[in-house]
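**Q** I am sharing my_file_22.cif, which consists of mmCIF, C-alpha atoms:
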```cif
data_protein
#
loop_
_atom_site.label_atom_id
_atom_site.label_comp_id
_atom_site.auth_asym_id
_atom_site.auth_seq_id
_atom_site.Cartn_x
_atom_site.Cartn_y
_atom_site.Cartn_z
CA MET A 1 23.69 28.66 -28.06
CA ASP A 2 26.11 31.47 -28.85
CA PHE A 3 27.63 32.40 -25.46
CA ASP A 4 30.74 30.62 -24.19
CA PHE A 5 30.58 30.71 -20.38
CA ASN A 6 34.23 29.62 -20.29
CA LEU A 7 35.19 33.14 -21.38
CA ILE A 8 34.22 34.17 -17.84
CA LEU A 9 34.94 30.94 -15.97
CA VAL A 10 38.52 30.45 -17.15
CA PRO A 11 39.82 33.97 -16.28
CA ALA A 12 38.03 33.91 -12.90
CA THR A 13 39.53 30.52 -12.06
CA LEU A 14 43.04 31.69 -13.02
CA ILE A 15 42.72 34.87 -10.94
CA PHE A 16 41.66 33.03 -7.78
CA PHE A 17 44.29 30.36 -8.41
CA ALA A 18 46.96 33.08 -8.58
CA ILE A 19 45.73 34.58 -5.29
CA TRP A 20 45.67 31.13 -3.62
CA LEU A 21 49.18 30.30 -4.88
CA LEU A 22 50.52 33.72 -3.90
CA ASP A 23 49.40 33.22 -0.33
CA ILE A 24 50.85 29.71 -0.09
CA LEU A 25 54.25 30.72 -1.49
CA VAL A 26 54.67 34.36 -0.42
CA LEU A 27 52.06 35.99 1.82
CA LYS A 28 51.26 32.95 3.97
CA GLN A 29 48.38 34.77 5.64
CA ARG A 30 46.28 31.61 6.08
CA LYS A 31 49.19 29.87 7.79
CA ARG A 32 49.90 32.86 10.03
CA VAL A 33 46.23 33.09 11.07
CA LYS A 34 46.25 29.42 12.07
CA SER A 35 49.39 29.99 14.17
CA SER A 36 47.83 33.16 15.70
CA GLU A 37 50.59 35.40 14.32
CA ILE A 38 47.89 37.62 12.79
CA ALA A 39 44.23 38.01 13.67
CA THR A 40 42.66 37.94 10.19
CA GLU A 41 43.57 37.45 6.56
CA SER A 42 42.70 39.82 3.74
CA MET A 43 39.41 39.53 1.87
CA TRP A 44 41.18 38.58 -1.38
CA VAL A 45 43.10 35.75 0.29
CA SER A 46 39.86 34.44 1.79
CA TRP A 47 38.19 34.56 -1.60
CA GLY A 48 41.13 32.72 -3.16
CA TYR A 49 40.75 29.81 -0.75
CA ASP A 50 36.94 29.83 -0.93
CA PHE A 51 36.33 30.23 -4.66
CA PHE A 52 39.31 28.61 -6.38
CA PRO A 53 38.39 24.96 -5.56
CA ILE A 54 34.75 25.50 -6.58
CA LEU A 55 35.59 27.27 -9.83
CA ALA A 56 38.27 24.71 -10.66
CA LEU A 57 35.79 21.86 -10.18
CA VAL A 58 33.15 23.56 -12.33
CA LEU A 59 35.75 24.29 -15.03
CA VAL A 60 36.94 20.68 -15.14
CA VAL A 61 33.39 19.30 -15.32
CA ARG A 62 32.23 21.77 -18.01
CA SER A 63 35.36 21.58 -20.12
CA PHE A 64 36.19 17.88 -19.99
CA LEU A 65 33.10 15.96 -18.85
CA PHE A 66 29.64 17.50 -19.30
CA GLU A 67 28.37 20.93 -20.35
CA PRO A 68 24.77 22.20 -20.36
CA PHE A 69 23.22 23.72 -23.49
CA ASN A 70 19.80 25.11 -24.42
CA ILE A 71 17.96 24.33 -27.68
CA PRO A 72 16.95 27.63 -29.38
CA SER A 73 15.11 26.44 -32.53
CA GLU A 74 12.95 23.68 -34.03
CA SER A 75 15.61 22.29 -36.39
CA MET A 76 15.98 19.09 -34.32
CA ASN A 77 12.25 18.35 -33.89
CA PRO A 78 10.95 15.92 -32.78
CA THR A 79 14.11 14.67 -31.06
CA LEU A 80 14.76 18.01 -29.36
CA LEU A 81 12.29 20.85 -28.89
CA THR A 82 12.77 24.57 -28.50
CA GLY A 83 13.34 25.16 -24.79
CA ASP A 84 15.00 21.82 -24.04
CA PHE A 85 18.01 21.97 -21.72
CA ILE A 86 20.50 19.24 -22.52
CA LEU A 87 23.78 17.80 -21.27
CA VAL A 88 26.63 17.35 -23.73
CA ASN A 89 29.36 14.76 -23.19
CA LYS A 90 32.65 16.63 -23.75
CA PHE A 91 34.86 13.53 -23.37
CA ASP A 92 33.60 11.29 -26.18
CA TYR A 93 35.29 13.14 -29.05
CA GLY A 94 38.60 13.94 -27.36
CA VAL A 95 39.72 16.10 -24.45
CA ARG A 96 39.98 19.73 -25.57
CA LEU A 97 41.27 22.83 -23.85
CA PRO A 98 38.59 25.42 -22.96
CA ILE A 99 38.29 28.52 -25.18
CA THR A 100 40.93 27.38 -27.73
CA ASN A 101 39.18 24.01 -28.33
CA ALA A 102 42.59 22.45 -29.04
CA LYS A 103 42.55 18.65 -28.63
CA VAL A 104 45.07 17.35 -26.08
CA LEU A 105 43.90 13.75 -25.81
CA ASP A 106 42.14 11.38 -28.21
CA SER A 107 39.34 9.58 -26.38
CA GLY A 108 37.00 8.59 -29.19
CA GLU A 109 35.57 9.42 -32.60
CA PRO A 110 32.05 10.55 -33.65
CA LYS A 111 29.70 7.90 -34.98
CA ARG A 112 27.09 8.31 -37.69
CA GLY A 113 23.68 9.02 -36.20
CA GLU A 114 24.87 10.77 -33.04
CA VAL A 115 23.50 14.19 -32.09
CA VAL A 116 26.46 16.55 -32.02
CA VAL A 117 27.15 20.04 -30.69
CA PHE A 118 29.77 21.90 -32.70
CA ARG A 119 31.07 25.36 -33.44
CA TYR A 120 29.30 26.82 -36.47
CA PRO A 121 31.86 26.90 -39.34
CA LEU A 122 30.89 30.41 -40.53
CA ASN A 123 30.97 31.85 -37.00
CA PRO A 124 32.89 29.65 -34.51
CA SER A 125 31.68 31.71 -31.55
CA THR A 126 28.19 30.21 -32.10
CA ASN A 127 27.31 26.63 -31.11
CA TYR A 128 25.05 24.54 -33.34
CA ILE A 129 23.42 21.16 -32.72
CA LYS A 130 22.60 18.70 -35.50
CA ARG A 131 22.69 14.98 -36.24
CA LEU A 132 25.85 13.60 -37.80
CA VAL A 133 24.83 11.93 -41.07
CA GLY A 134 28.13 11.90 -42.98
CA LEU A 135 31.51 10.63 -41.77
CA PRO A 136 34.79 11.23 -43.62
CA GLY A 137 34.67 9.29 -46.88
CA ASP A 138 30.88 8.87 -46.94
CA LYS A 139 29.07 9.50 -50.21
CA ILE A 140 25.87 11.46 -49.68
CA VAL A 141 23.19 11.85 -52.34
CA TYR A 142 20.23 14.21 -52.00
CA ASP A 143 17.63 13.69 -54.69
CA GLU A 144 14.31 15.57 -54.65
CA GLY A 145 14.10 15.43 -50.85
CA SER A 146 15.40 11.85 -50.44
CA LEU A 147 18.66 11.36 -48.56
CA THR A 148 20.94 8.42 -49.36
CA ILE A 149 24.17 7.61 -47.50
CA ASN A 150 26.58 5.14 -49.09
CA GLY A 151 23.74 3.72 -51.18
CA GLU A 152 21.29 3.32 -48.28
CA LYS A 153 18.21 5.55 -48.24
CA VAL A 154 17.43 7.35 -44.97
CA ALA A 155 13.79 7.24 -43.90
CA LYS A 156 11.90 10.53 -43.78
CA VAL A 157 8.91 11.04 -41.47
CA ALA A 158 6.49 13.90 -42.11
CA LEU A 159 6.06 16.51 -39.36
CA PRO A 160 3.48 19.31 -39.03
CA ASP A 161 4.29 22.42 -41.03
CA MET A 162 5.82 24.97 -38.65
CA GLY A 163 6.47 27.73 -41.15
CA ASP A 164 9.70 29.13 -42.50
CA SER A 165 10.85 30.92 -39.34
CA ALA A 166 14.03 28.85 -39.06
CA TYR A 167 15.11 29.78 -42.58
CA GLU A 168 14.11 33.40 -42.25
CA GLN A 169 16.08 33.73 -39.03
CA PHE A 170 19.07 31.91 -40.51
CA SER A 171 19.05 34.15 -43.56
CA ARG A 172 18.75 37.33 -41.54
CA GLU A 173 21.06 36.66 -38.60
CA GLN A 174 23.62 34.11 -39.74
CA MET A 175 24.07 34.66 -43.46
CA GLY A 176 23.64 38.42 -43.50
CA THR A 177 27.39 38.84 -43.01
CA HIS A 178 28.17 36.35 -45.78
CA SER A 179 26.69 38.14 -48.76
CA HIS A 180 28.40 35.86 -51.27
CA ILE A 181 26.45 32.90 -49.85
CA THR A 182 23.22 34.83 -49.42
CA ARG A 183 23.18 35.65 -53.13
CA GLU A 184 23.52 31.97 -54.02
CA LEU A 185 20.65 30.97 -51.72
CA SER A 186 18.30 33.83 -52.51
CA GLY A 187 14.77 32.49 -52.84
CA VAL A 188 15.77 28.86 -52.24
CA TRP A 189 14.54 28.11 -48.74
CA SER A 190 12.81 24.78 -49.27
CA ALA A 191 15.14 22.10 -47.93
CA SER A 192 14.09 19.73 -50.69
CA GLN A 193 15.50 22.24 -53.17
CA ALA A 194 18.39 23.63 -51.11
CA PRO A 195 21.74 23.59 -52.90
CA PHE A 196 24.75 22.16 -51.13
CA VAL A 197 27.07 25.07 -50.38
CA ASN A 198 30.60 24.85 -49.08
CA SER A 199 33.48 27.24 -48.45
CA LEU A 200 36.50 26.51 -50.61
CA ASN A 201 39.61 28.70 -50.67
CA ASN A 202 37.60 31.65 -49.33
CA GLY A 203 35.08 31.18 -52.11
CA VAL A 204 31.77 29.37 -52.46
CA PHE A 205 30.50 26.84 -54.94
CA VAL A 206 27.07 25.31 -55.50
CA ALA A 207 27.20 21.61 -56.32
CA SER A 208 23.93 21.58 -58.29
CA ASN A 209 20.62 23.37 -58.76
CA GLY A 210 19.37 21.81 -55.53
CA HIS A 211 17.06 19.14 -56.90
CA HIS A 212 19.89 16.61 -56.97
CA TRP A 213 23.39 16.71 -55.60
CA GLU A 214 26.10 14.29 -54.60
CA VAL A 215 29.05 14.90 -52.33
CA THR A 216 31.83 12.88 -50.67
CA VAL A 217 32.75 14.00 -47.16
CA PRO A 218 36.47 14.92 -47.05
CA ALA A 219 38.93 13.70 -44.43
CA LYS A 220 38.58 15.21 -40.93
CA HIS A 221 35.20 16.73 -41.80
CA TYR A 222 31.57 15.82 -41.08
CA PHE A 223 28.20 16.38 -42.74
CA MET A 224 25.44 17.50 -40.35
CA MET A 225 21.67 17.71 -40.80
CA GLY A 226 18.75 18.57 -38.53
CA ASP A 227 16.16 15.88 -37.77
CA ASN A 228 13.50 18.37 -38.89
CA ARG A 229 15.01 18.11 -42.35
CA ASP A 230 12.75 20.62 -44.11
CA ARG A 231 13.25 23.25 -41.40
CA SER A 232 16.97 23.04 -40.76
CA ALA A 233 19.82 25.28 -41.92
CA ASP A 234 22.63 22.73 -41.93
CA SER A 235 25.50 21.31 -44.00
CA ARG A 236 23.33 21.54 -47.12
CA PHE A 237 23.62 25.32 -46.80
CA TRP A 238 27.04 26.02 -45.29
CA GLY A 239 29.07 22.88 -45.89
CA PHE A 240 31.14 20.47 -43.83
CA VAL A 241 32.04 20.75 -40.14
CA PRO A 242 35.81 20.47 -39.50
CA GLU A 243 36.90 17.98 -36.85
CA GLU A 244 38.38 20.75 -34.71
CA ASN A 245 34.92 22.38 -34.43
CA LEU A 246 33.36 19.43 -32.59
CA ALA A 247 32.30 20.23 -29.01
CA GLY A 248 30.64 17.02 -27.82
CA ARG A 249 27.80 14.51 -28.03
CA ALA A 250 24.32 15.45 -26.79
CA VAL A 251 23.32 12.73 -24.33
CA TYR A 252 20.46 13.80 -22.05
CA VAL A 253 17.51 16.20 -21.76
CA TRP A 254 17.41 17.32 -18.13
CA MET A 255 14.80 20.10 -18.28
CA HIS A 256 12.36 21.83 -20.62
CA LYS A 257 11.06 25.39 -20.44
CA GLU A 258 8.62 26.98 -22.83
CA PRO A 259 9.48 30.56 -23.89
CA GLY A 260 8.05 33.34 -21.75
CA TRP A 261 6.76 33.19 -18.19
CA HIS A 262 6.45 29.43 -17.93
CA LEU A 263 7.75 27.21 -15.16
CA PRO A 264 10.37 24.61 -16.06
CA SER A 265 9.13 21.10 -16.70
CA PHE A 266 10.91 17.77 -16.25
CA SER A 267 8.42 15.72 -18.28
CA ARG A 268 10.80 15.46 -21.24
CA ASN A 269 13.77 14.21 -19.23
CA GLY A 270 15.50 11.32 -20.91
CA VAL A 271 18.40 9.99 -22.98
CA ILE A 272 18.89 11.54 -26.44
CA ASN A 273 18.89 8.98 -29.27
#
```
How would this structure read if it were set down as structure tokens?
**A**
Amino acid sequence: MDFDFNLILVPATLIFFAIWLLDILVLKQRKRVKSSEIATESMWVSWGYDFFPILALVLVVRSFLFEPFNIPSESMNPTLLTGDFILVNKFDYGVRLPITNAKVLDSGEPKRGEVVVFRYPLNPSTNYIKRLVGLPGDKIVYDEGSLTINGEKVAKVALPDMGDSAYEQFSREQMGTHSHITRELSGVWSASQAPFVNSLNNGVFVASNGHHWEVTVPAKHYFMMGDNRDRSADSRFWGFVPEENLAGRAVYVWMHKEPGWHLPSFSRNGVIN
């Protein structure tokens, strides 16, 4: 989920808006055609009137209401599967401007347990999806594979072993440009032994040897983990998610497509819990 369609949608909307406004205020070709002063209007003016309303509507819906995303990995199994297409509510965590992600209106706060899409802290151009397990002020303890939040143990359900592909891909593609972190995590790809790693003043620290660590989530930050806990590169590896990185709450699976030449399926459609 590493392509921001708004990088195309926003400029296109602004261009056609400028053409539409130019004709209304200066050229007035549409008005002159209606009054039969001229026979036709230019192609660009026609496009401005035709495309601006559509693009503006799509931009508003995607930026402030709902945006579609695709699940690329197994880190959220069994809740979300590779190939799921989901809708993300962009309004729940505050109204934000497209591209800049700057919040302009507070409309709600994340709640523990929600599935959240956010900008990956080490590379904000990439979107990640995980479950929010730690709110600001929460004390999280990870002890030999057992997760405890504010003194309450979180249940862990065993899933079939799907290999280490998620960690191998994360190491190769995401952490390859962060050599200082890669060195710390070298050879430690079992989630039950993963050290908690966090950026701090452009440096990195490891809270413990990985078998046991405790951390308190700082203000305006969140701790994220994948439901497939032993196959998820998450806050245990790269630290907290700042509030300004939040994109929205995953709410609905609307389609599923297996990789390759497979037809889409709607058998998995449903609300995300």
**Q** Can you list, as JSON, numbers by chain, every protein, DNA or RNA residue that comes within 6 Å of segment 121-138 of chain A when you count all atoms listed in the file, leaving out same-chain residues fewer than 3 positions away?
**A** {"A": [1, 2, 112, 113, 114, 115, 116, 117, 118, 216, 217, 218, 219, 221, 222, 223, 224, 225, 226]}
**Q** For Ser232 of chain A, which residue among A:Leu97, A:Met76, A:Leu81, A:Leu105 is the nearest when counting only C-alpha atoms?
**A**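 Smallest distance to Ser232 of chain A is found for A:Met76.
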**Q** Could you please determine the separation between atom CA of Tyr93 of chain A and atom CA of Gly248 of chain A in Å, to one decimal place?
**A** 6.2 Å
**Q** Go ahead and compute the interatomic distance for atom CA of Asn6 of chain A and atom CA of Phe66 of chain A, in Å to one decimal.
**A**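 Going from atom CA of Asn6 of chain A over to atom CA of Phe66 of chain A covers 13.0 Å.
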**Q** Compare A:Val88, A:Ile71, A:Ala233, A:Ala39 by their minimum atom-to-atom distance to Ala247 of chain A, counting all atoms listed in the file, and give me the closest one.
**A**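 Distance minimum relative to Ala247 of chain A lands on A:Val88.
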**Q** Mind telling me what the PyMOL selection byres ((chain A and resi 5) around 12) catches here, as a list in words?
**A** Met1, Asp2, Phe3, Asp4, Asn6, Leu7, Ile8, Leu9, Val10, Pro11, Ala12, Val58, Leu59, Arg62, Ser63, Glu67, Pro68, Phe69, Pro98, Ile99, Ser125, Thr126 and Asn127 of chain A
**Q** Would you compute the distance between atom CA of Pro110 of chain A and atom CA of Leu55 of chain A? Give it in Å to one decimal.
**A** 29.3 Å
**Q** Counting only C-alpha atoms, what is within 6 Å of segment 249-259 of chain A, bar same-chain residues fewer than 2 positions away, as a ChimeraX atom specification?
**A** /A:83-89,115-116,262,264-266,269-272
**Q** May I ask which of the residues A:Asp227, A:Asp234, A:Asp106, A:Glu243 is the closest one to Glu74 of chain A, counting all atoms listed in the file?
**A** A:Asp227
**Q** Using the chain letters and numbering of this document, enumerate as a VMD selection string the residues selected by the PyMOL selection byres ((chain A and resi 47) around 12).
**A** chain A and resid 12 to 13 15 to 20 23 30 41 to 46 48 to 55
**Q** Can you pull out every residue within 6 Å of Tyr142 of chain A, counting only C-alpha atoms, but drop anything in the same chain fewer than 3 positions away, and send it as a list of chain:residue names?
**A**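 So the residues in contact are A:Ser146, A:Leu147, A:His212, A:Trp213.
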**Q** Output C-alpha atoms for every residue in the selection just made, as a PDB file, in the coordinates of the input.
**A**
```pdb
ATOM      1  CA  SER A 146      15.400  11.850 -50.440  1.00  0.00           C
ATOM      2  CA  LEU A 147      18.660  11.360 -48.560  1.00  0.00           C
ATOM      3  CA  HIS A 212      19.890  16.610 -56.970  1.00  0.00           C
ATOM      4  CA  TRP A 213      23.390  16.710 -55.600  1.00  0.00           C
TER       5      TRP A 213
END
```
**Q** Could you put an axis-aligned box around every listed atom of segment 39-50 of chain A, padded by 4 Å on each side, and send me its centre and edge lengths in Å to one decimal, as AutoDock Vina command-line options?
**A**
```
--center_x 40.6 --center_y 34.8 --center_z 5.3 --size_x 15.3 --size_y 18.0 --size_z 24.8
```
**Q** For Ile149 of chain A, which residue out of A:Arg32, A:Glu109, A:Val215, A:Ala102 is the nearest one, using all atoms listed in the file?
**A**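 The shortest atom-to-atom distance to Ile149 of chain A comes from A:Val215.
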